[in-house]
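Taking it in order: structure first as structure tokens, then the write-up.
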Amino acid sequence: MMKGVIVVDHPLVQHKLTLMRDKDAPTTDFRRLVSEVALLLAYEVTRDLPLETRRIETPLEVMDAPVLAGKKLCFVSILRAGSGILDGMLDLVPSARVGHIGLYRDPKTLKPVEYYLKVPDDLSERLTVVVDPMLATGNSAAAAVTRLKEAGAKAIKFVCLLSVPEGIEVMQRAHPDVEIFTAAIDRGLDDHGYIRPGLGDAGDRLFGTK
Ligand code: URA
């Protein structure tokens, strides 16, 4: 196990991931599976949310029962594929705030350039969970986290479906404080920046654009 990386190796996650990797999985199945895996990843990423107690009355007696403490979560989707994993996460945490960050790669410098950023004002008071299905080169993920820190985010976690050692290294070098939650660490990147064996282009498969 790599330090700072949590591989969510639950059998249901692994099974669903295999169904998603299959090139013949139709868009509707792929989208549903992404949502289901996202919910299970959200379950893991929220494991250490702080609790406080609230006095309630059950039908039989009064008790001090645990509830989530303070302001909770902000999910931040890295456009466009990140949006495909928001739904499943919001099913589990409907009260979470949602931010979006859009980045494209400058063809000359090959560096990520921001074209959109919208996050809640109170980001600094929330656990910020950055979501992108594929942690490939790690450049966009690292750039997104840098911008979110500039926008006030303090406690940040990163969630993806698939990652590769190269991307994890880039993220960890830039942001050693950010834990990475992933359903699997694949072999590596090919010459076109695709994760191998991977699942192809997550955005295209989610939105049926290819
Ligand atoms: N983004 C994708 O959608 N797929 C990859 O394999 C790599 C980056």
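Each chain of the structure tokens is named A, B, ... in the order shown, its residues numbered from 1; ligands are numbered from 1 in display order.
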Range 141-149 of chain A surroundings by only C-alpha atoms, 10 Å radius, close-in-sequence under 6 positions cut, as a PyMOL selection string: chain A and resi 76-78+99-103+111-114+117-119+123-124+128-132+134-135+155-158+167-168+170-175+178
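Near ligand 1, the residues found within 6 Å are Met134, Ala136, Gly193, Tyr194, Ile195, Gly198, Gly200, Asp201, Ala202 and Gly203 of chain A (criterion computed using only C-alpha atoms and all ligand atoms).
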Neighbour list for Arg54 in chain A as JSON, numbers by chain, cut-off 7 Å, only C-alpha atoms, skip fewer than 2 positions in-chain: {"A": [52, 56, 64, 65, 66, 67]}
Spatial neighbours of Leu86 in chain A, max dist 9 Å, only C-alpha atoms, sep filter under 2 positions, as a list of chain:residue names: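 Neighbouring residues, sequence-local ones excluded: A:Ser35, A:Ala38, A:Leu39, A:Phe75, A:Val76, A:Ser77, A:Gly82, A:Ser83, A:Gly84, A:Gly88, A:Met89, A:Leu90, A:Asp91, A:Val98, A:Val131.
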Write out, as an mmCIF file, in the first residue's frame, the residues just selected, with C-alpha atoms.
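File selection_1.cif, as written:
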data_model
loop_
_atom_site.group_PDB
_atom_site.id
_atom_site.type_symbol
_atom_site.label_atom_id
_atom_site.label_comp_id
_atom_site.auth_asym_id
_atom_site.auth_seq_id
_atom_site.Cartn_x
_atom_site.Cartn_y
_atom_site.Cartn_z
ATOM 1 C CA SER A 35 -22.476 6.405 -10.193
ATOM 2 C CA ALA A 38 -18.704 6.849 -6.932
ATOM 3 C CA LEU A 39 -21.166 6.309 -4.086
ATOM 4 C CA PHE A 75 -17.305 18.119 -3.898
ATOM 5 C CA VAL A 76 -15.335 19.779 -6.677
ATOM 6 C CA SER A 77 -15.631 18.293 -10.130
ATOM 7 C CA GLY A 82 -15.587 14.721 -12.971
ATOM 8 C CA SER A 83 -19.255 15.626 -13.305
ATOM 9 C CA GLY A 84 -20.009 12.002 -14.137
ATOM 10 C CA GLY A 88 -23.378 8.999 -7.117
ATOM 11 C CA MET A 89 -21.590 11.001 -4.451
ATOM 12 C CA LEU A 90 -24.520 13.381 -4.044
ATOM 13 C CA ASP A 91 -26.857 10.405 -3.621
ATOM 14 C CA VAL A 98 -20.579 21.426 -5.322
ATOM 15 C CA VAL A 131 -13.246 14.321 -8.140
#
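Proximity ranking of A:Leu79, A:Leu206, A:Ala153, A:Leu49 relative to Tyr116 in chain A places A:Leu79 first, based on only C-alpha atoms.
Counting only C-alpha atoms, the residue from A:Leu17, A:Ala96, A:Leu60, A:Leu199 that sits nearest to Arg126 in chain A is A:Ala96.
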10 Å contact set for Leu41 in chain A, only C-alpha atoms, chain neighbours under 3 positions out, as a ChimeraX atom specification: /A:7-8,10,13,35-38,44-46,85,88-89,159-161,181-183
Write out the residues from the selection above, keeping C-alpha atoms, as a PDB file, in the first residue's frame.
ATOM      1  CA  VAL A   7      -7.164   1.729  -2.782  1.00  0.00           C
ATOM      2  CA  VAL A   8     -10.833   0.969  -2.237  1.00  0.00           C
ATOM      3  CA  HIS A  10     -14.134  -3.656  -1.745  1.00  0.00           C
ATOM      4  CA  VAL A  13     -16.140  -1.808  -6.304  1.00  0.00           C
ATOM      5  CA  SER A  35     -22.476   6.405 -10.193  1.00  0.00           C
ATOM      6  CA  GLU A  36     -22.544   3.253  -8.094  1.00  0.00           C
ATOM      7  CA  VAL A  37     -18.765   3.113  -7.699  1.00  0.00           C
ATOM      8  CA  ALA A  38     -18.704   6.849  -6.932  1.00  0.00           C
ATOM      9  CA  GLU A  44     -14.756   5.660   2.073  1.00  0.00           C
ATOM     10  CA  VAL A  45     -13.681   9.282   1.670  1.00  0.00           C
ATOM     11  CA  THR A  46     -16.144  10.382   4.365  1.00  0.00           C
ATOM     12  CA  ILE A  85     -19.025  10.963 -10.638  1.00  0.00           C
ATOM     13  CA  GLY A  88     -23.378   8.999  -7.117  1.00  0.00           C
ATOM     14  CA  MET A  89     -21.590  11.001  -4.451  1.00  0.00           C
ATOM     15  CA  VAL A 159     -11.076  10.755  -5.512  1.00  0.00           C
ATOM     16  CA  CYS A 160     -10.699   8.918  -8.806  1.00  0.00           C
ATOM     17  CA  LEU A 161     -11.772   5.618 -10.309  1.00  0.00           C
ATOM     18  CA  PHE A 181      -8.760   7.512  -2.969  1.00  0.00           C
ATOM     19  CA  THR A 182      -8.828   5.252  -6.004  1.00  0.00           C
ATOM     20  CA  ALA A 183     -10.593   2.033  -7.007  1.00  0.00           C
TER      21      ALA A 183
END
Residue nearest Arg205 in chain A - candidates A:Thr58, A:Leu12, A:Arg80, A:Leu68, atoms counted: only C-alpha atoms: A:Arg80
Backbone DSSP call of alpha helix (DSSP H) for range 38-176 of chain A, listed as a ChimeraX atom specification: /A:38-45,83-92,139-150,165-174
Residue nearest Ser140 in chain A - candidates A:Asp87, A:Asp204, A:Asp106, A:Asp122, atoms counted: only C-alpha atoms: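 Closest candidate: A:Asp106.
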Lys3 in chain A environment, 10 Å, only C-alpha atoms, sequence neighbours closer than 3 positions dropped, as a count of residues only: 5
